[in-house]
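Here's start.tsv, which has TSV, C-alpha atoms:
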chain	number	residue	atom	x	y	z
W	1	MET	CA	0.28	-18.45	4.79
W	2	LYS	CA	1.67	-20.78	2.17
W	3	GLU	CA	1.16	-18.52	-0.84
W	4	LEU	CA	2.93	-15.61	0.84
W	5	GLU	CA	5.86	-17.82	1.91
W	6	GLU	CA	6.19	-19.13	-1.63
W	7	ARG	CA	6.14	-15.62	-3.02
W	8	ILE	CA	8.83	-14.51	-0.56
W	9	LEU	CA	10.98	-17.47	-1.63
W	10	SER	CA	10.47	-16.87	-5.34
W	11	HIS	CA	10.55	-13.05	-5.40
W	12	GLY	CA	12.15	-11.82	-2.16
W	13	LYS	CA	15.75	-10.64	-2.15
W	14	VAL	CA	18.02	-10.63	0.89
W	15	TYR	CA	20.43	-7.73	1.34
W	16	PRO	CA	23.14	-7.21	3.97
W	17	GLY	CA	21.85	-6.02	7.35
W	18	ASN	CA	18.90	-8.43	7.44
W	19	ILE	CA	17.06	-6.44	4.79
W	20	LEU	CA	14.41	-8.38	2.87
W	21	LYS	CA	13.19	-6.69	-0.30
W	22	VAL	CA	9.73	-7.71	-1.40
W	23	ASP	CA	9.04	-4.70	-3.56
W	24	SER	CA	7.83	-6.72	-6.54
W	25	PHE	CA	4.57	-7.61	-4.76
W	26	LEU	CA	4.26	-5.96	-1.33
W	27	ASN	CA	5.73	-2.51	-0.83
W	28	HIS	CA	6.42	-0.81	-4.14
W	29	GLN	CA	4.65	-2.79	-6.82
W	30	VAL	CA	1.59	-4.31	-5.14
W	31	ASP	CA	-0.06	-7.59	-6.13
W	32	ILE	CA	-3.74	-6.85	-5.55
W	33	ASP	CA	-4.89	-10.47	-5.56
W	34	LEU	CA	-2.29	-11.57	-3.00
W	35	THR	CA	-3.06	-8.53	-0.86
W	36	LYS	CA	-6.75	-9.43	-0.77
W	37	LYS	CA	-5.96	-13.02	0.16
W	38	MET	CA	-3.74	-11.80	3.00
W	39	ALA	CA	-6.56	-9.55	4.20
W	40	GLU	CA	-8.98	-12.50	4.17
W	41	LYS	CA	-6.63	-14.49	6.42
W	42	ILE	CA	-6.36	-11.57	8.83
W	43	HIS	CA	-10.13	-11.08	8.85
W	44	GLU	CA	-10.65	-14.79	9.47
W	45	HIS	CA	-8.45	-14.60	12.56
W	46	PHE	CA	-10.00	-11.48	14.08
W	47	LYS	CA	-13.57	-11.65	12.77
W	48	TYR	CA	-15.20	-12.31	16.16
W	49	ARG	CA	-13.80	-9.09	17.54
W	50	ALA	CA	-15.88	-5.94	17.21
W	51	ILE	CA	-13.23	-3.92	15.36
W	52	THR	CA	-14.22	-0.29	14.76
W	53	LYS	CA	-11.02	1.02	13.09
W	54	VAL	CA	-8.09	-0.46	11.20
W	55	LEU	CA	-4.91	1.50	11.91
W	56	THR	CA	-1.71	1.41	9.87
W	57	ILE	CA	1.19	3.73	9.12
W	58	GLU	CA	2.06	5.26	5.77
W	59	ALA	CA	2.89	4.07	3.22
W	60	SER	CA	3.44	0.37	2.63
W	61	GLY	CA	0.92	-0.86	5.20
W	62	ILE	CA	-1.91	0.93	3.41
W	63	PRO	CA	-2.90	-1.66	0.77
W	64	VAL	CA	-3.35	-4.57	3.16
W	65	ALA	CA	-4.91	-2.35	5.86
W	66	PHE	CA	-7.36	-1.00	3.28
W	67	SER	CA	-8.38	-4.54	2.29
W	68	VAL	CA	-8.76	-5.62	5.92
W	69	ALA	CA	-10.89	-2.56	6.69
W	70	GLU	CA	-13.09	-3.40	3.71
W	71	LEU	CA	-13.80	-6.85	5.17
W	72	PHE	CA	-14.63	-5.43	8.62
W	73	LYS	CA	-16.68	-2.64	6.97
W	74	VAL	CA	-14.90	0.00	9.09
W	75	PRO	CA	-12.70	3.00	8.24
W	76	MET	CA	-8.97	2.66	7.80
W	77	ILE	CA	-6.67	5.27	9.31
W	78	PHE	CA	-3.10	5.69	8.19
W	79	ALA	CA	-0.87	7.40	10.73
W	80	LYS	CA	1.38	10.06	9.24
W	81	LYS	CA	5.14	10.08	9.56
W	82	SER	CA	7.13	13.25	9.96
W	83	LYS	CA	10.82	13.84	10.48
W	84	SER	CA	10.42	16.32	13.26
W	85	LEU	CA	8.67	15.94	16.57
W	86	THR	CA	5.14	16.89	15.59
W	87	ILE	CA	2.99	18.17	18.40
W	88	GLY	CA	-0.40	19.76	17.98
W	89	ASP	CA	-3.46	20.20	20.10
W	90	ASP	CA	-5.41	18.08	17.67
W	91	LEU	CA	-2.85	15.26	17.24
W	92	PHE	CA	-1.84	12.12	19.06
W	93	SER	CA	1.88	11.74	18.50
W	94	SER	CA	4.56	9.15	19.28
W	95	GLN	CA	8.29	8.95	18.59
W	96	VAL	CA	9.58	5.96	16.60
W	97	CYS	CA	13.13	4.80	15.99
W	98	SER	CA	13.55	3.40	12.47
W	99	TYR	CA	15.82	0.38	12.16
W	100	THR	CA	15.96	0.47	8.37
W	101	HIS	CA	16.78	4.16	8.08
W	102	ASN	CA	18.60	4.67	11.39
W	103	THR	CA	16.60	7.79	12.29
W	104	ASN	CA	13.83	8.90	14.61
W	105	TYR	CA	10.51	10.11	13.36
W	106	SER	CA	7.08	11.02	14.71
W	107	VAL	CA	3.89	9.17	13.93
W	108	THR	CA	0.69	11.16	14.31
W	109	VAL	CA	-3.04	10.54	14.23
W	110	SER	CA	-5.68	13.26	14.41
W	111	LYS	CA	-7.60	13.21	17.70
W	112	ARG	CA	-10.80	13.42	15.68
W	113	TYR	CA	-10.48	9.84	14.40
W	114	LEU	CA	-9.55	7.75	17.44
W	115	GLY	CA	-11.30	7.73	20.80
W	116	SER	CA	-12.22	5.71	23.84
W	117	ASN	CA	-15.02	3.87	22.03
W	118	ASP	CA	-12.68	2.48	19.41
W	119	LYS	CA	-11.53	-1.12	19.14
W	120	VAL	CA	-8.50	-1.06	16.90
W	121	LEU	CA	-6.83	-3.63	14.71
W	122	ILE	CA	-3.28	-2.54	13.88
W	123	VAL	CA	-2.14	-3.77	10.46
W	124	ASP	CA	1.28	-3.39	8.84
W	125	ASP	CA	3.45	-4.99	6.18
W	126	PHE	CA	6.52	-5.75	8.33
W	127	LEU	CA	7.25	-6.46	11.99
W	128	ALA	CA	10.90	-6.60	13.07
W	129	LEU	CA	11.87	-4.65	16.18
W	130	GLY	CA	8.26	-3.56	16.52
W	131	ASN	CA	9.04	0.10	17.02
W	132	ALA	CA	6.46	1.38	14.55
W	133	THR	CA	3.84	-0.93	16.05
W	134	LYS	CA	4.67	0.25	19.55
W	135	GLY	CA	4.26	3.83	18.34
W	136	LEU	CA	0.77	2.97	17.07
W	137	ILE	CA	-0.07	1.25	20.39
W	138	ASP	CA	1.13	4.35	22.23
W	139	ILE	CA	-1.22	6.46	20.10
W	140	CYS	CA	-4.13	4.09	20.84
W	141	ASN	CA	-3.33	4.35	24.55
W	142	GLN	CA	-3.30	8.14	24.36
W	143	ALA	CA	-6.71	7.95	22.66
W	144	GLU	CA	-7.90	5.43	25.29
W	145	ALA	CA	-8.79	3.18	22.36
W	146	PHE	CA	-8.53	-0.59	22.87
W	147	VAL	CA	-6.01	-2.52	20.75
W	148	GLU	CA	-7.84	-5.70	19.77
W	149	GLY	CA	-4.91	-7.14	17.89
W	150	ILE	CA	-1.96	-6.72	15.59
W	151	ALA	CA	-1.70	-8.27	12.13
W	152	VAL	CA	1.35	-8.15	9.90
W	153	CYS	CA	2.25	-9.70	6.59
W	154	ILE	CA	5.88	-10.57	7.34
W	155	GLU	CA	7.45	-10.92	10.79
W	156	LYS	CA	11.19	-11.23	11.18
W	157	GLY	CA	11.05	-13.89	13.87
W	158	PHE	CA	14.78	-13.58	14.57
W	159	GLN	CA	14.19	-10.02	15.77
W	160	PRO	CA	12.42	-9.43	19.08
W	161	GLY	CA	9.44	-7.19	18.18
W	162	GLY	CA	6.81	-9.87	17.67
W	163	ASN	CA	7.58	-11.79	20.81
W	164	GLU	CA	7.83	-8.63	22.90
W	165	LEU	CA	4.34	-7.66	21.76
W	166	ARG	CA	3.04	-11.18	22.54
W	167	MET	CA	4.63	-10.97	26.01
W	168	MET	CA	2.80	-7.68	26.49
W	169	GLY	CA	-0.41	-9.64	25.96
W	170	TYR	CA	-1.31	-8.63	22.40
W	171	ASP	CA	-2.81	-11.05	19.91
W	172	VAL	CA	-0.18	-10.81	17.18
W	173	MET	CA	-0.90	-12.55	13.89
W	174	SER	CA	1.84	-12.82	11.28
W	175	LEU	CA	1.10	-14.32	7.89
W	176	ALA	CA	4.73	-15.39	7.44
W	177	ILE	CA	7.36	-15.57	10.17
W	178	ILE	CA	10.92	-15.65	8.91
W	179	GLU	CA	13.14	-17.82	11.09
W	180	SER	CA	16.40	-17.04	9.36
W	181	MET	CA	17.88	-15.28	6.35
W	182	SER	CA	21.41	-16.09	5.26
W	183	GLU	CA	23.74	-13.77	3.42
W	184	GLU	CA	23.52	-16.18	0.49
W	185	GLY	CA	19.82	-15.40	0.34
W	186	LYS	CA	18.45	-18.59	1.89
W	187	ILE	CA	15.22	-17.95	3.80
W	188	THR	CA	13.55	-20.30	6.27
W	189	PHE	CA	10.18	-19.90	7.96
W	190	GLN	CA	8.84	-20.84	11.38
W	191	ASN	CA	6.18	-23.50	11.19
J	192	MET	CA	-19.30	12.62	-8.83
J	193	LYS	CA	-22.22	13.80	-6.72
J	194	GLU	CA	-21.44	11.74	-3.61
J	195	LEU	CA	-17.85	13.00	-3.47
J	196	GLU	CA	-18.94	16.62	-3.92
J	197	GLU	CA	-21.49	16.24	-1.13
J	198	ARG	CA	-18.87	14.73	1.15
J	199	ILE	CA	-16.46	17.57	0.40
J	200	LEU	CA	-19.19	20.07	1.27
J	201	SER	CA	-20.20	18.29	4.48
J	202	HIS	CA	-16.76	17.19	5.73
J	203	GLY	CA	-14.11	19.27	3.93
J	204	LYS	CA	-12.46	22.17	5.71
J	205	VAL	CA	-10.87	25.16	3.97
J	206	TYR	CA	-7.67	26.63	5.44
J	207	PRO	CA	-5.72	29.72	4.40
J	208	GLY	CA	-3.52	29.24	1.32
J	209	ASN	CA	-6.15	27.32	-0.66
J	210	ILE	CA	-5.70	24.24	1.51
J	211	LEU	CA	-8.65	21.84	1.52
J	212	LYS	CA	-8.57	19.28	4.32
J	213	VAL	CA	-10.50	16.11	3.59
J	214	ASP	CA	-8.73	13.92	6.10
J	215	SER	CA	-11.93	12.51	7.58
J	216	PHE	CA	-12.56	10.38	4.48
J	217	LEU	CA	-9.77	10.66	1.91
J	218	ASN	CA	-6.22	11.13	3.11
J	219	HIS	CA	-5.87	10.22	6.77
J	220	GLN	CA	-9.01	8.39	7.77
J	221	VAL	CA	-10.21	6.58	4.65
J	222	ASP	CA	-13.83	5.77	3.84
J	223	ILE	CA	-13.54	2.41	2.12
J	224	ASP	CA	-17.00	2.44	0.56
J	225	LEU	CA	-16.58	5.90	-0.98
J	226	THR	CA	-13.09	4.95	-2.20
J	227	LYS	CA	-14.47	1.91	-4.01
J	228	LYS	CA	-17.22	3.98	-5.61
J	229	MET	CA	-14.63	6.50	-6.80
J	230	ALA	CA	-12.58	3.64	-8.26
J	231	GLU	CA	-15.66	2.34	-10.12
J	232	LYS	CA	-16.19	5.74	-11.73
J	233	ILE	CA	-12.55	5.85	-12.81
J	234	HIS	CA	-12.72	2.30	-14.16
J	235	GLU	CA	-15.91	3.13	-16.06
J	236	HIS	CA	-14.16	6.02	-17.81
J	237	PHE	CA	-10.98	4.14	-18.77
J	238	LYS	CA	-12.22	0.56	-19.10
J	239	TYR	CA	-11.76	0.33	-22.88
J	240	ARG	CA	-8.07	1.07	-22.53
J	241	ALA	CA	-5.69	-1.86	-22.09
J	242	ILE	CA	-4.18	-0.63	-18.83
J	243	THR	CA	-1.29	-2.78	-17.58
J	244	LYS	CA	-0.25	-0.79	-14.47
J	245	VAL	CA	-1.85	1.72	-12.14
J	246	LEU	CA	0.72	4.23	-10.89
J	247	THR	CA	0.37	6.52	-7.89
J	248	ILE	CA	2.63	8.24	-5.39
J	249	GLU	CA	2.85	7.53	-1.69
J	250	ALA	CA	0.88	7.85	0.48
J	251	SER	CA	-2.61	9.25	0.10
J	252	GLY	CA	-3.12	8.14	-3.50
J	253	ILE	CA	-2.66	4.50	-2.54
J	254	PRO	CA	-6.21	3.57	-1.42
J	255	VAL	CA	-7.98	4.74	-4.58
J	256	ALA	CA	-5.15	3.52	-6.84
J	257	PHE	CA	-5.35	0.10	-5.17
J	258	SER	CA	-9.10	-0.07	-5.80
J	259	VAL	CA	-8.70	1.03	-9.43
J	260	ALA	CA	-5.98	-1.58	-9.98
J	261	GLU	CA	-8.28	-4.24	-8.53
J	262	LEU	CA	-10.94	-3.40	-11.14
J	263	PHE	CA	-8.42	-3.51	-14.01
J	264	LYS	CA	-6.88	-6.71	-12.54
J	265	VAL	CA	-3.39	-5.23	-12.85
J	266	PRO	CA	-0.63	-4.40	-10.34
J	267	MET	CA	-0.52	-1.05	-8.57
J	268	ILE	CA	2.81	0.72	-8.18
J	269	PHE	CA	3.33	3.49	-5.67
J	270	ALA	CA	6.24	5.77	-6.47
J	271	LYS	CA	8.43	6.55	-3.46
J	272	LYS	CA	9.18	10.04	-2.25
J	273	SER	CA	12.54	11.02	-0.84
J	274	LYS	CA	13.87	14.35	0.38
J	275	SER	CA	17.15	14.08	-1.41
J	276	LEU	CA	17.84	13.64	-5.09
J	277	THR	CA	17.74	9.86	-5.37
J	278	ILE	CA	19.66	8.43	-8.26
J	279	GLY	CA	20.35	4.77	-8.76
J	280	ASP	CA	21.09	2.50	-11.68
J	281	ASP	CA	17.91	0.62	-10.96
J	282	LEU	CA	15.61	3.64	-10.46
J	283	PHE	CA	13.65	6.04	-12.61
J	284	SER	CA	13.68	9.35	-10.76
J	285	SER	CA	12.09	12.78	-11.18
J	286	GLN	CA	12.24	16.01	-9.16
J	287	VAL	CA	8.97	17.45	-7.85
J	288	CYS	CA	8.25	20.81	-6.27
J	289	SER	CA	5.68	20.50	-3.48
J	290	TYR	CA	3.19	23.34	-3.23
J	291	THR	CA	1.79	22.27	0.14
J	292	HIS	CA	5.15	21.86	1.84
J	293	ASN	CA	7.20	24.37	-0.15
J	294	THR	CA	10.05	21.92	-0.77
J	295	ASN	CA	11.51	19.81	-3.52
J	296	TYR	CA	11.58	16.05	-3.39
J	297	SER	CA	12.38	13.10	-5.64
J	298	VAL	CA	9.90	10.52	-6.80
J	299	THR	CA	11.31	7.17	-7.80
J	300	VAL	CA	10.11	3.94	-9.39
J	301	SER	CA	12.20	0.82	-9.76
J	302	LYS	CA	13.16	0.09	-13.35
J	303	ARG	CA	12.02	-3.47	-12.82
J	304	TYR	CA	8.34	-2.53	-12.68
J	305	LEU	CA	7.80	-0.13	-15.59
J	306	GLY	CA	8.82	-0.68	-19.20
J	307	SER	CA	8.04	0.02	-22.81
J	308	ASN	CA	5.22	-2.51	-22.93
J	309	ASP	CA	3.30	-0.79	-20.14
J	310	LYS	CA	0.13	1.24	-20.57
J	311	VAL	CA	-0.19	3.26	-17.43
J	312	LEU	CA	-3.13	4.88	-15.66
J	313	ILE	CA	-1.89	7.52	-13.20
J	314	VAL	CA	-4.18	7.86	-10.17
J	315	ASP	CA	-3.91	10.32	-7.29
J	316	ASP	CA	-6.06	11.94	-4.62
J	317	PHE	CA	-5.39	15.61	-5.53
J	318	LEU	CA	-4.47	17.60	-8.60
J	319	ALA	CA	-3.58	21.27	-8.14
J	320	LEU	CA	-0.42	22.52	-9.85
J	321	GLY	CA	0.10	19.03	-11.24
J	322	ASN	CA	3.74	18.83	-10.23
J	323	ALA	CA	3.51	15.36	-8.72
J	324	THR	CA	1.58	14.13	-11.76
J	325	LYS	CA	4.17	15.61	-14.11
J	326	GLY	CA	6.86	13.80	-12.12
J	327	LEU	CA	5.02	10.52	-12.67
J	328	ILE	CA	4.63	11.30	-16.40
J	329	ASP	CA	8.37	12.02	-16.56
J	330	ILE	CA	9.04	8.62	-15.00
J	331	CYS	CA	6.72	6.91	-17.51
J	332	ASN	CA	8.55	8.70	-20.33
J	333	GLN	CA	11.91	7.53	-19.00
J	334	ALA	CA	10.50	3.99	-18.92
J	335	GLU	CA	9.07	4.45	-22.44
J	336	ALA	CA	5.73	3.44	-20.95
J	337	PHE	CA	2.57	4.94	-22.45
J	338	VAL	CA	0.40	7.14	-20.23
J	339	GLU	CA	-3.18	6.12	-21.07
J	340	GLY	CA	-4.74	8.63	-18.72
J	341	ILE	CA	-4.79	10.47	-15.43
J	342	ALA	CA	-7.52	10.10	-12.82
J	343	VAL	CA	-7.79	12.13	-9.66
J	344	CYS	CA	-10.36	12.40	-6.91
J	345	ILE	CA	-10.25	16.17	-6.39
J	346	GLU	CA	-8.95	18.74	-8.85
J	347	LYS	CA	-8.45	22.32	-7.79
J	348	GLY	CA	-9.83	23.82	-10.99
J	349	PHE	CA	-8.65	27.31	-10.03
J	350	GLN	CA	-5.05	26.10	-10.22
J	351	PRO	CA	-3.50	25.34	-13.60
J	352	GLY	CA	-2.33	21.71	-13.32
J	353	GLY	CA	-5.38	19.97	-14.73
J	354	ASN	CA	-5.74	22.20	-17.76
J	355	GLU	CA	-2.02	22.13	-18.48
J	356	LEU	CA	-2.16	18.35	-18.58
J	357	ARG	CA	-5.24	18.46	-20.86
J	358	MET	CA	-3.41	20.89	-23.16
J	359	MET	CA	-0.55	18.39	-23.29
J	360	GLY	CA	-3.08	15.91	-24.70
J	361	TYR	CA	-3.72	13.72	-21.68
J	362	ASP	CA	-7.13	12.31	-20.85
J	363	VAL	CA	-7.55	13.78	-17.36
J	364	MET	CA	-10.56	12.64	-15.36
J	365	SER	CA	-11.39	14.40	-12.08
J	366	LEU	CA	-14.20	13.13	-9.90
J	367	ALA	CA	-14.75	16.58	-8.40
J	368	ILE	CA	-13.42	19.86	-9.79
J	369	ILE	CA	-13.42	22.72	-7.32
J	370	GLU	CA	-14.15	26.02	-8.99
J	371	SER	CA	-13.58	28.20	-5.95
J	372	MET	CA	-12.93	28.09	-2.23
J	373	SER	CA	-13.52	31.19	-0.14
J	374	GLU	CA	-11.77	32.04	3.11
J	375	GLU	CA	-15.14	31.65	4.82
J	376	GLY	CA	-15.10	28.02	3.71
J	377	LYS	CA	-17.59	28.22	0.85
J	378	ILE	CA	-16.77	25.71	-1.88
J	379	THR	CA	-18.22	25.66	-5.40
J	380	PHE	CA	-17.74	23.01	-8.08
J	381	GLN	CA	-17.45	23.14	-11.85
J	382	ASN	CA	-20.37	21.46	-13.58
I need this file expressed as structure tokens, please.
Amino acid sequence: MKELEERILSHGKVYPGNILKVDSFLNHQVDIDLTKKMAEKIHEHFKYRAITKVLTIEASGIPVAFSVAELFKVPMIFAKKSKSLTIGDDLFSSQVCSYTHNTNYSVTVSKRYLGSNDKVLIVDDFLALGNATKGLIDICNQAEAFVEGIAVCIEKGFQPGGNELRMMGYDVMSLAIIESMSEEGKITFQN
Amino acid sequence: MKELEERILSHGKVYPGNILKVDSFLNHQVDIDLTKKMAEKIHEHFKYRAITKVLTIEASGIPVAFSVAELFKVPMIFAKKSKSLTIGDDLFSSQVCSYTHNTNYSVTVSKRYLGSNDKVLIVDDFLALGNATKGLIDICNQAEAFVEGIAVCIEKGFQPGGNELRMMGYDVMSLAIIESMSEEGKITFQN
């Protein structure tokens, strides 16, 4: 998506450790207009699928997931994160290893809101190693819900998560795929 | 707001310790249509104010804050929570005591996104003791930004936060004010 790539080039900042900060428009301050345009692109790609729920993970996936859910006219669910292993009779739970923060955490979804009739579109802001996404897929599997696809704003194409998910057979749509980021801050995109 | 009150009565669940769970439509699974109607009510109340930023706190305030920001055509900022006292040259930071989780945490906003020219509408899902809201006000004060008002979906009117904020002179708008919740699950609203 051209407008997103341009915004990443003009406003993104590269930090050591392959960190890309886009907090002026995506995950701290949020540009509503750009978010809605991203959601339209995602809806365009998946609109022939009978999505029943949009699933994301708190917090920075929520704005785009909300806008996507609006276009599909379905509820949005945001999975909760907790530091400890959260287990409850009424929760689906999966363990996730965080690359950015070098810790493990649990993601949970109430059993009341996902079930075997659901067709889920997973939406998130970033895809790098794909660990959070795999946690959400694990939760969908526990719920016997069908994962119709995965949509992310920014994929770090030089990390393996996106391609692993594609190899697993998922329809993964990324609005911008970063091919490389140099320590001097130069960013290139896959075509 | 009648529709919100009805939804709280039909879908809310009361737990010991004055906990109201509304995670079927507000803060886990999100009803997009209801969220947009809530945002319209908030916009209607504050529309003559020259809001430049909508400020909330991750994660469950984000959907309604996003929708309010869309109506004002301004950016939405979600303050970040962290367990530890987060101090940085580039951050406004305030300490918050959490009633629900019985812990302290920091809320932070990057100094790049709030300044003395900003007129801020604070939006959140719940208002009880008001500690999170006061943390956001503290951050606005540090930024020398003007707090134009505070809008919340559900105020626990039997806890002091809302009235303390009104006594401080803030225009506090609550879409539903709960007067009482009994252990048997009976909920009444202020008129």
Can you pull out the residues contacting Ile177 of chain W? Cut-off 7 Å, using all atoms listed in the file, and skip same-chain residues under 3 positions away; I want them as JSON, numbers by chain. {"W": [154, 155, 156, 157, 174, 189, 190]}
For segment 283-289 of chain J, please output as a PyMOL selection string all residues within 7 Å (counting all atoms listed in the file; exclusion window: fewer than 6 positions along the same chain). chain J and resi 277+295-302+322-323+326+329-330+333
Would you give me, as a PDB file with C-alpha atoms, keeping the file's coordinate frame, the residues of chain J that come within 10 Å of chain W, using all atoms listed in the file?
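Just written: result.pdb:
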ATOM      1  CA  ASP J 214      -8.730  13.920   6.100  1.00  0.00           C
ATOM      2  CA  SER J 215     -11.930  12.510   7.580  1.00  0.00           C
ATOM      3  CA  PHE J 216     -12.560  10.380   4.480  1.00  0.00           C
ATOM      4  CA  LEU J 217      -9.770  10.660   1.910  1.00  0.00           C
ATOM      5  CA  ASN J 218      -6.220  11.130   3.110  1.00  0.00           C
ATOM      6  CA  HIS J 219      -5.870  10.220   6.770  1.00  0.00           C
ATOM      7  CA  GLN J 220      -9.010   8.390   7.770  1.00  0.00           C
ATOM      8  CA  VAL J 221     -10.210   6.580   4.650  1.00  0.00           C
ATOM      9  CA  ASP J 222     -13.830   5.770   3.840  1.00  0.00           C
ATOM     10  CA  ILE J 223     -13.540   2.410   2.120  1.00  0.00           C
ATOM     11  CA  ASP J 224     -17.000   2.440   0.560  1.00  0.00           C
ATOM     12  CA  THR J 226     -13.090   4.950  -2.200  1.00  0.00           C
ATOM     13  CA  LYS J 227     -14.470   1.910  -4.010  1.00  0.00           C
ATOM     14  CA  LYS J 244      -0.250  -0.790 -14.470  1.00  0.00           C
ATOM     15  CA  VAL J 245      -1.850   1.720 -12.140  1.00  0.00           C
ATOM     16  CA  LEU J 246       0.720   4.230 -10.890  1.00  0.00           C
ATOM     17  CA  ILE J 248       2.630   8.240  -5.390  1.00  0.00           C
ATOM     18  CA  GLU J 249       2.850   7.530  -1.690  1.00  0.00           C
ATOM     19  CA  ALA J 250       0.880   7.850   0.480  1.00  0.00           C
ATOM     20  CA  SER J 251      -2.610   9.250   0.100  1.00  0.00           C
ATOM     21  CA  GLY J 252      -3.120   8.140  -3.500  1.00  0.00           C
ATOM     22  CA  ILE J 253      -2.660   4.500  -2.540  1.00  0.00           C
ATOM     23  CA  PRO J 254      -6.210   3.570  -1.420  1.00  0.00           C
ATOM     24  CA  VAL J 255      -7.980   4.740  -4.580  1.00  0.00           C
ATOM     25  CA  ALA J 256      -5.150   3.520  -6.840  1.00  0.00           C
ATOM     26  CA  PHE J 257      -5.350   0.100  -5.170  1.00  0.00           C
ATOM     27  CA  SER J 258      -9.100  -0.070  -5.800  1.00  0.00           C
ATOM     28  CA  ALA J 260      -5.980  -1.580  -9.980  1.00  0.00           C
ATOM     29  CA  GLU J 261      -8.280  -4.240  -8.530  1.00  0.00           C
ATOM     30  CA  LEU J 262     -10.940  -3.400 -11.140  1.00  0.00           C
ATOM     31  CA  LYS J 264      -6.880  -6.710 -12.540  1.00  0.00           C
ATOM     32  CA  VAL J 265      -3.390  -5.230 -12.850  1.00  0.00           C
ATOM     33  CA  PRO J 266      -0.630  -4.400 -10.340  1.00  0.00           C
ATOM     34  CA  MET J 267      -0.520  -1.050  -8.570  1.00  0.00           C
ATOM     35  CA  ILE J 268       2.810   0.720  -8.180  1.00  0.00           C
ATOM     36  CA  PHE J 269       3.330   3.490  -5.670  1.00  0.00           C
ATOM     37  CA  ALA J 270       6.240   5.770  -6.470  1.00  0.00           C
ATOM     38  CA  LYS J 271       8.430   6.550  -3.460  1.00  0.00           C
ATOM     39  CA  VAL J 300      10.110   3.940  -9.390  1.00  0.00           C
ATOM     40  CA  SER J 301      12.200   0.820  -9.760  1.00  0.00           C
ATOM     41  CA  ARG J 303      12.020  -3.470 -12.820  1.00  0.00           C
ATOM     42  CA  TYR J 304       8.340  -2.530 -12.680  1.00  0.00           C
ATOM     43  CA  LEU J 305       7.800  -0.130 -15.590  1.00  0.00           C
TER      44      LEU J 305
END
In Å, with one decimal, what is the gap from atom CA of Gln350 of chain J to atom CA of Ala319 of chain J?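 Separation between atom CA of Gln350 of chain J and atom CA of Ala319 of chain J: 5.5 Å.
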Atom pair atom CA of Leu34 of chain W / atom CA of Val338 of chain J: separation (Å): 25.6 Å
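Counting from atom CA of Asp309 of chain J, the distance to atom CA of Ala241 of chain J is 9.3 Å.
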Nearby residues (all atoms listed in the file) at most 9 Å from Arg198 of chain J, same-chain spacing under 4 positions excluded, as an mmCIF file with C-alpha atoms, keeping the file's coordinate frame:
data_model
loop_
_atom_site.group_PDB
_atom_site.id
_atom_site.type_symbol
_atom_site.label_atom_id
_atom_site.label_comp_id
_atom_site.auth_asym_id
_atom_site.auth_seq_id
_atom_site.Cartn_x
_atom_site.Cartn_y
_atom_site.Cartn_z
ATOM 1 C CA LYS J 193 -22.220 13.800 -6.720
ATOM 2 C CA GLU J 194 -21.440 11.740 -3.610
ATOM 3 C CA HIS J 202 -16.760 17.190 5.730
ATOM 4 C CA GLY J 203 -14.110 19.270 3.930
ATOM 5 C CA VAL J 213 -10.500 16.110 3.590
ATOM 6 C CA PHE J 216 -12.560 10.380 4.480
#
Contacts of His45 of chain W at 10 Å (all atoms listed in the file; same-chain gap of 3+ positions) as a list in words: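 Final neighbour list, sorted by chain and number: Ala39, Glu40, Lys41, Ile42, Tyr48, Arg49, Gly149, Ala151, Asp171 and Met173 of chain W.
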